[in-house]
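One file, work_27.csv, carrying CSV, C-alpha atoms and all ligand atoms:
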```csv
chain,number,residue,atom,x,y,z
H,267,MET,CA,0.0,0.0,0.0
H,268,ASP,CA,2.2,2.9,-1.2
H,269,LYS,CA,1.5,6.6,-1.1
H,270,GLN,CA,0.6,6.6,-4.8
H,271,PHE,CA,-2.4,4.3,-4.1
H,272,TRP,CA,-3.9,7.0,-1.9
H,273,HIS,CA,-3.0,9.9,-4.1
H,274,ASP,CA,-4.7,8.0,-7.0
H,275,LYS,CA,-7.9,7.4,-4.9
H,276,TRP,CA,-8.1,11.2,-4.2
H,277,GLN,CA,-7.4,12.3,-7.7
H,278,GLN,CA,-9.9,9.7,-9.1
H,279,LYS,CA,-12.5,10.7,-6.5
H,280,LYS,CA,-12.8,7.1,-5.3
H,281,GLN,CA,-13.4,7.7,-1.6
H,282,GLY,CA,-15.7,4.9,-0.6
H,283,PHE,CA,-14.5,5.4,3.0
H,284,HIS,CA,-15.8,9.0,3.2
H,285,GLN,CA,-19.0,9.3,5.2
H,286,ASN,CA,-21.5,12.1,4.6
H,287,ALA,CA,-22.3,12.5,8.2
H,288,PRO,CA,-20.3,12.2,11.5
H,289,ASN,CA,-19.5,8.7,12.4
H,290,GLU,CA,-22.1,7.2,14.8
H,291,MET,CA,-19.5,5.6,17.1
H,292,LEU,CA,-17.9,9.0,17.4
H,293,VAL,CA,-21.2,10.8,18.2
H,294,LYS,CA,-22.0,8.1,20.8
H,295,HIS,CA,-18.6,7.7,22.4
H,296,LEU,CA,-16.8,11.0,22.2
H,297,GLY,CA,-17.6,11.4,25.9
H,298,ALA,CA,-15.3,8.4,26.7
H,299,LEU,CA,-12.3,10.5,25.8
H,300,ALA,CA,-13.2,12.8,28.7
H,301,LEU,CA,-11.9,15.9,26.9
H,302,ALA,CA,-12.0,19.3,28.4
H,303,GLU,CA,-14.4,21.7,26.7
H,304,ASP,CA,-11.6,23.2,24.6
H,305,GLY,CA,-9.6,19.9,24.4
H,306,ARG,CA,-7.3,19.2,21.5
H,307,VAL,CA,-8.1,16.0,19.6
H,308,PHE,CA,-5.8,14.4,17.0
H,309,LEU,CA,-7.2,12.6,13.9
H,310,PRO,CA,-4.4,10.6,12.1
H,311,LEU,CA,-5.0,9.9,8.4
H,312,CYS,CA,-8.0,12.1,8.5
H,313,GLY,CA,-9.0,12.5,4.9
H,314,LYS,CA,-11.7,15.2,4.6
H,315,THR,CA,-13.9,13.5,7.2
H,316,ASN,CA,-17.1,15.1,8.3
H,317,ASP,CA,-16.1,14.2,11.8
H,318,ILE,CA,-13.9,17.3,11.8
H,319,PRO,CA,-16.7,19.9,11.4
H,320,TRP,CA,-18.7,18.0,14.0
H,321,LEU,CA,-15.8,18.0,16.5
H,322,LEU,CA,-15.3,21.7,15.8
H,323,SER,CA,-19.0,22.3,16.5
H,324,LYS,CA,-18.4,20.8,19.9
H,325,GLY,CA,-15.9,23.5,20.7
H,326,LEU,CA,-12.9,21.2,20.4
H,327,HIS,CA,-9.5,22.0,18.8
H,328,VAL,CA,-8.8,19.6,15.9
H,329,VAL,CA,-5.4,18.5,14.7
H,330,GLY,CA,-5.1,16.1,11.7
H,331,ALA,CA,-2.6,14.4,9.5
H,332,GLU,CA,-3.4,13.5,5.9
H,333,LEU,CA,-1.2,12.5,3.0
H,334,SER,CA,-3.3,14.1,0.3
H,335,GLU,CA,-3.0,17.9,0.0
H,336,PHE,CA,-5.9,17.7,-2.4
H,337,ALA,CA,-8.1,16.2,0.4
H,338,VAL,CA,-6.9,18.8,2.9
H,339,GLU,CA,-7.8,21.6,0.4
H,340,GLN,CA,-11.3,20.1,0.0
H,341,LEU,CA,-11.7,19.9,3.8
H,342,PHE,CA,-10.9,23.6,4.2
H,343,GLU,CA,-13.2,24.5,1.3
H,344,ALA,CA,-16.1,22.6,3.0
H,345,LEU,CA,-15.3,24.4,6.3
H,346,ALA,CA,-15.3,27.7,4.4
H,347,ILE,CA,-11.9,28.5,6.1
H,348,ARG,CA,-9.1,30.0,4.2
H,349,PRO,CA,-6.1,28.3,5.8
H,350,GLU,CA,-2.7,29.8,6.6
H,351,ILE,CA,-0.1,27.5,5.1
H,352,SER,CA,3.4,27.0,6.4
H,353,ILE,CA,6.0,24.4,5.5
H,354,ILE,CA,7.8,22.2,8.1
H,355,GLY,CA,10.3,20.0,6.4
H,356,THR,CA,8.3,17.6,4.1
H,357,VAL,CA,5.0,18.5,5.6
H,358,LYS,CA,2.7,21.5,4.9
H,359,CYS,CA,0.7,22.8,7.8
H,360,PHE,CA,-2.8,24.2,7.0
H,361,CYS,CA,-4.0,26.3,10.0
H,362,GLY,CA,-7.3,28.0,10.8
H,363,PRO,CA,-9.2,28.9,14.0
H,364,LYS,CA,-9.1,25.8,16.2
H,365,ILE,CA,-7.8,23.6,13.4
H,366,GLN,CA,-4.4,22.5,12.2
H,367,ILE,CA,-4.0,19.8,9.5
H,368,PHE,CA,-0.6,18.4,8.5
H,369,ALA,CA,-0.6,17.6,4.8
H,370,GLY,CA,2.1,15.0,4.2
H,371,ASP,CA,3.2,11.6,5.5
H,372,PHE,CA,2.0,10.8,9.0
H,373,PHE,CA,5.4,9.3,9.7
H,374,ASP,CA,7.0,12.7,9.2
H,375,VAL,CA,4.9,14.3,11.9
H,376,SER,CA,6.9,14.6,15.0
H,377,ARG,CA,5.9,15.1,18.6
H,378,GLU,CA,7.2,18.7,18.5
H,379,MET,CA,5.1,19.5,15.4
H,380,LEU,CA,2.0,17.9,16.9
H,381,GLY,CA,2.2,19.6,20.3
H,382,VAL,CA,0.2,18.4,23.2
H,383,VAL,CA,-3.0,16.4,22.3
H,384,ASP,CA,-5.6,15.5,24.8
H,385,GLY,CA,-7.1,12.6,22.8
H,386,ILE,CA,-7.0,10.7,19.6
H,387,TYR,CA,-9.8,9.6,17.3
H,388,ASP,CA,-8.8,7.0,14.8
H,389,ARG,CA,-11.6,6.1,12.3
H,390,ALA,CA,-10.5,4.1,9.2
H,391,ALA,CA,-6.8,5.0,9.8
H,392,LEU,CA,-5.3,1.8,11.4
H,393,VAL,CA,-7.6,-0.3,9.2
H,394,ALA,CA,-6.4,1.6,6.1
H,395,LEU,CA,-2.9,0.1,6.5
H,396,PRO,CA,-1.7,-3.4,5.7
H,397,LYS,CA,-0.6,-5.6,8.5
H,398,GLU,CA,3.1,-4.9,8.0
H,399,MET,CA,2.6,-1.2,8.4
H,400,ARG,CA,0.2,-1.3,11.4
H,401,ARG,CA,2.9,-1.9,14.1
H,402,ARG,CA,4.9,1.1,12.9
H,403,TYR,CA,1.8,3.2,12.7
H,404,ALA,CA,0.7,2.3,16.2
H,405,GLN,CA,4.1,2.9,17.7
H,406,HIS,CA,4.5,6.3,16.0
H,407,LEU,CA,1.0,7.3,17.1
H,408,VAL,CA,1.9,6.4,20.7
H,409,ASP,CA,5.2,8.2,20.5
H,410,ILE,CA,4.1,11.5,19.0
H,411,SER,CA,0.9,11.8,21.2
H,412,ALA,CA,2.6,10.8,24.4
H,413,ASN,CA,0.1,8.0,24.9
H,414,ALA,CA,-3.0,10.2,24.6
H,415,THR,CA,-6.3,8.4,25.2
H,416,GLN,CA,-7.8,6.9,22.0
H,417,LEU,CA,-11.2,6.3,20.6
H,418,LEU,CA,-10.4,3.7,17.9
H,419,VAL,CA,-13.1,2.6,15.4
H,420,SER,CA,-12.1,-0.5,13.5
H,421,PHE,CA,-13.6,-3.1,11.2
H,422,VAL,CA,-13.7,-6.9,11.6
H,423,TYR,CA,-14.6,-9.3,8.8
H,424,GLU,CA,-13.2,-12.5,7.3
H,425,GLN,CA,-10.1,-11.2,5.7
H,426,THR,CA,-10.0,-14.0,3.1
H,427,GLN,CA,-13.3,-12.7,1.7
H,428,MET,CA,-11.9,-9.3,0.6
H,429,ASN,CA,-8.6,-7.6,-0.1
H,430,GLY,CA,-8.3,-4.4,2.0
H,431,PRO,CA,-8.3,-1.6,2.5
H,432,PRO,CA,-10.1,-1.4,4.7
H,433,PHE,CA,-8.4,-4.3,6.4
H,434,SER,CA,-9.9,-6.4,9.2
H,435,VAL,CA,-8.2,-5.6,12.5
H,436,ASP,CA,-9.5,-7.8,15.3
H,437,GLY,CA,-9.4,-7.5,19.1
H,438,ALA,CA,-6.3,-9.8,19.4
H,439,GLU,CA,-4.3,-7.5,17.1
H,440,ILE,CA,-5.5,-4.3,18.9
H,441,HIS,CA,-4.4,-5.8,22.2
H,442,HIS,CA,-1.1,-6.8,20.6
H,443,LEU,CA,-0.5,-3.4,19.1
H,444,TYR,CA,-1.5,-1.3,22.0
H,445,GLY,CA,-1.7,-3.5,25.1
H,446,GLN,CA,1.7,-2.4,26.4
H,447,ASN,CA,0.8,1.3,26.3
H,448,TYR,CA,-2.8,1.3,27.1
H,449,SER,CA,-5.6,-0.5,29.0
H,450,VAL,CA,-7.7,-1.7,26.0
H,451,THR,CA,-11.5,-2.0,26.2
H,452,LYS,CA,-14.1,-2.8,23.5
H,453,ILE,CA,-16.9,-0.4,24.1
H,454,ASP,CA,-19.2,-1.0,21.1
H,455,SER,CA,-19.8,-3.3,18.1
H,456,LYS,CA,-22.4,-3.3,15.4
H,457,PRO,CA,-23.0,-4.8,12.0
H,458,ILE,CA,-22.3,-2.5,9.0
H,459,SER,CA,-22.3,-2.8,5.3
H,460,LEU,CA,-19.1,-1.8,3.3
H,461,GLY,CA,-20.3,-0.3,0.1
H,462,VAL,CA,-17.5,-2.0,-1.9
H,463,MET,CA,-18.8,-5.5,-1.0
H,464,SER,CA,-22.3,-5.2,0.5
H,465,GLU,CA,-22.8,-9.0,1.0
H,466,LEU,CA,-19.8,-9.3,3.3
H,467,ILE,CA,-20.5,-9.6,7.1
H,468,VAL,CA,-18.6,-6.8,8.7
H,469,ARG,CA,-18.7,-5.4,12.3
H,470,GLU,CA,-17.7,-1.9,13.2
H,471,GLU,CA,-16.1,-1.9,16.6
H,472,ALA,CA,-15.2,1.0,19.0
H,473,TRP,CA,-12.3,0.6,21.3
H,474,LEU,CA,-11.2,2.8,24.2
H,475,LEU,CA,-7.5,2.9,24.8
H,476,GLU,CA,-6.7,4.7,28.0
B,1,LIG,C1,-9.5,5.0,4.6
B,1,LIG,S1,-9.1,6.7,4.5
B,1,LIG,C2,-9.9,7.3,6.0
B,1,LIG,C3,-10.0,8.8,6.1
B,1,LIG,C4,-10.7,9.4,7.3
B,1,LIG,N1,-10.1,8.9,8.6
B,1,LIG,C5,-12.2,9.0,7.3
B,1,LIG,O1,-12.7,8.4,8.2
B,1,LIG,O2,-12.8,9.4,6.3
B,1,LIG,C6,-7.4,6.7,4.9
B,1,LIG,C7,-6.7,8.0,4.6
B,1,LIG,O3,-5.3,7.9,5.0
B,1,LIG,C8,-4.6,8.7,4.2
B,1,LIG,N2,-3.2,8.2,4.3
B,1,LIG,C9,-2.7,7.0,3.9
B,1,LIG,N3,-1.4,6.8,4.2
B,1,LIG,C10,-1.0,8.0,4.8
B,1,LIG,C11,0.2,8.4,5.4
B,1,LIG,N4,1.3,7.7,5.4
B,1,LIG,N5,0.2,9.6,6.0
B,1,LIG,C12,-1.0,10.4,6.1
B,1,LIG,N6,-2.1,10.0,5.5
B,1,LIG,C13,-2.2,8.8,4.9
B,1,LIG,C14,-5.2,8.5,2.8
B,1,LIG,O4,-4.9,9.5,1.9
B,1,LIG,C15,-6.7,8.5,3.2
B,1,LIG,O5,-7.3,9.7,3.1
```
Could you render the structure from this file as structure tokens?
Ligand SMILES: C[S@@+](CC[C@H](N)C(=O)[O-])C[C@H]1O[C@@H](n2cnc3c(N)ncnc32)[C@H](O)[C@@H]1O
Amino acid sequence: MDKQFWHDKWQQKKQGFHQNAPNEMLVKHLGALALAEDGRVFLPLCGKTNDIPWLLSKGLHVVGAELSEFAVEQLFEALAIRPEISIIGTVKCFCGPKIQIFAGDFFDVSREMLGVVDGIYDRAALVALPKEMRRRYAQHLVDISANATQLLVSFVYEQTQMNGPPFSVDGAEIHHLYGQNYSVTKIDSKPISLGVMSELIVREEAWLLE
């Protein structure tokens, strides 16, 4: 799964993962992150998700990281915010009131660049990556966020039935990836349909890592 794969998805407007409304697990379980009223929440691999305007509407500060600058431009257009853009090494930082999005490779975002975050919301980020990248992703996320509490939304299905992304990431793997740094609890699970393969039995699961 190289970077070009995702750039092509964005250029070809193939974003089956993009939801037109805020994610139901987020709406239901944001409280589990126990954020202060003006807390700062980090969304790795954020795309142009509608979760961002929803989080902003709750008064929270949002920090994101997204490979596709094209996606980040669309996000700011949808928010009707003209961003201030600065360059930090290989990454461009798009900033507006209460929002800061790093356009570039997540692995190039350092703890210093990110600053202090009070919580992490991962929806379709861990599951976007193939197994061989997931350990590196999880470790980098822990490192740059100083172990901030996470609300993680993942998918589980029979991996032999479909090639990801999204990949199936089950509870055993989540414990394996994060168990050393967090207390890991499954807080919700429900059946969903993945548009790409509607007959596949898929569960969306919400995990609290604290
Ligand atoms: C499945 S999408 C999920 C987007 C968003 N979280 C959502 O729920 O709509 C995965 C996103 O990760 C981005 N991505 C993939 N690899 C990345 C990397 N190394 N650094 C930053 N973003 C990356 C892709 O461009 C894509 O927008």
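Near ligand LIG 1 (chain B), the residues found within 7 Å are Lys269, Trp272, His273, Phe283, His284, Gln285, Pro310, Leu311, Cys312, Gly313, Lys314, Thr315, Ala331, Glu332, Leu333, Ser334, Gly370, Asp371, Phe372, Phe373, Asp388, Arg389, Ala390, Ala391, Ala394 and Pro432 of chain H (criterion computed using all atoms listed in the file).
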Go ahead and save the residues from that selection, with C-alpha atoms, as a short mmCIF file (atom, residue, chain, number, x, y, z; two decimals), keeping the file's coordinate frame.
```
data_model
loop_
_atom_site.label_atom_id
_atom_site.label_comp_id
_atom_site.auth_asym_id
_atom_site.auth_seq_id
_atom_site.Cartn_x
_atom_site.Cartn_y
_atom_site.Cartn_z
CA LYS H 269 1.50 6.60 -1.10
CA TRP H 272 -3.90 7.00 -1.90
CA HIS H 273 -3.00 9.90 -4.10
CA PHE H 283 -14.50 5.40 3.00
CA HIS H 284 -15.80 9.00 3.20
CA GLN H 285 -19.00 9.30 5.20
CA PRO H 310 -4.40 10.60 12.10
CA LEU H 311 -5.00 9.90 8.40
CA CYS H 312 -8.00 12.10 8.50
CA GLY H 313 -9.00 12.50 4.90
CA LYS H 314 -11.70 15.20 4.60
CA THR H 315 -13.90 13.50 7.20
CA ALA H 331 -2.60 14.40 9.50
CA GLU H 332 -3.40 13.50 5.90
CA LEU H 333 -1.20 12.50 3.00
CA SER H 334 -3.30 14.10 0.30
CA GLY H 370 2.10 15.00 4.20
CA ASP H 371 3.20 11.60 5.50
CA PHE H 372 2.00 10.80 9.00
CA PHE H 373 5.40 9.30 9.70
CA ASP H 388 -8.80 7.00 14.80
CA ARG H 389 -11.60 6.10 12.30
CA ALA H 390 -10.50 4.10 9.20
CA ALA H 391 -6.80 5.00 9.80
CA ALA H 394 -6.40 1.60 6.10
CA PRO H 432 -10.10 -1.40 4.70
#
```
Can you work out which one of H:Leu322, H:Cys359, H:Ala369, H:Val293 has the shortest atom-to-atom distance to Ala337 in chain H, counting all atoms listed in the file? H:Ala369
Residues within 10 Å of (3.0, 25.5, 10.8), file coordinates, counting only C-alpha atoms: what are they? Give the list as a JSON list (two decimals) with C-alpha atoms, keeping the file's coordinate frame.
```
[["chain", "number", "residue", "atom", "x", "y", "z"],
["H", 350, "GLU", "CA", -2.70, 29.80, 6.60],
["H", 351, "ILE", "CA", -0.10, 27.50, 5.10],
["H", 352, "SER", "CA", 3.40, 27.00, 6.40],
["H", 353, "ILE", "CA", 6.00, 24.40, 5.50],
["H", 354, "ILE", "CA", 7.80, 22.20, 8.10],
["H", 357, "VAL", "CA", 5.00, 18.50, 5.60],
["H", 358, "LYS", "CA", 2.70, 21.50, 4.90],
["H", 359, "CYS", "CA", 0.70, 22.80, 7.80],
["H", 360, "PHE", "CA", -2.80, 24.20, 7.00],
["H", 361, "CYS", "CA", -4.00, 26.30, 10.00],
["H", 366, "GLN", "CA", -4.40, 22.50, 12.20],
["H", 367, "ILE", "CA", -4.00, 19.80, 9.50],
["H", 368, "PHE", "CA", -0.60, 18.40, 8.50],
["H", 379, "MET", "CA", 5.10, 19.50, 15.40],
["H", 380, "LEU", "CA", 2.00, 17.90, 16.90]]
```
Counting all atoms listed in the file, figure out which residue out of H:Gln340, H:Gln281, H:Ser464, H:Thr451 gets nearest to Leu417 in chain H.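 Between H:Gln340, H:Gln281, H:Ser464, H:Thr451, the residue approaching Leu417 in chain H most closely is H:Thr451.
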Using all atoms listed in the file, find the one residue out of H:Leu460, H:Ile453, H:Met399, H:Ala300 that sits nearest to Met428 in chain H.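 Among the listed residues, the smallest separation from Met428 in chain H belongs to H:Leu460.
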Identify the residues within 12 Å of coordinate (-9.6, -5.0, 7.5) (same frame as the file), considering only C-alpha atoms, and give the answer as number ranges by chain. H: 390-397, 400, 419-437, 439, 460, 466-471
Pick from H:Glu290, H:Glu465, H:Phe308, H:Leu474 nearest to Ala412 in chain H, counting only C-alpha atoms: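 Checking each of H:Glu290, H:Glu465, H:Phe308, H:Leu474 against Ala412 in chain H, counting only C-alpha atoms, the winner is H:Phe308.
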Grab all the atoms of range 346-359 of chain H that the file lists, wrap them in a box along x, y and z, add 8 Å per side, and give me centre plus edge lengths in Å (one decimal) as JSON.
```
{"center_x": -2.5, "center_y": 23.8, "center_z": 6.1, "size_x": 41.6, "size_y": 28.4, "size_z": 20.0}
```
Hey, can you check how far CA of Gly282 in chain H sits from CA of Phe336 in chain H?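 Straight-line distance from CA of Gly282 in chain H to CA of Phe336 in chain H works out to 16.2 Å.
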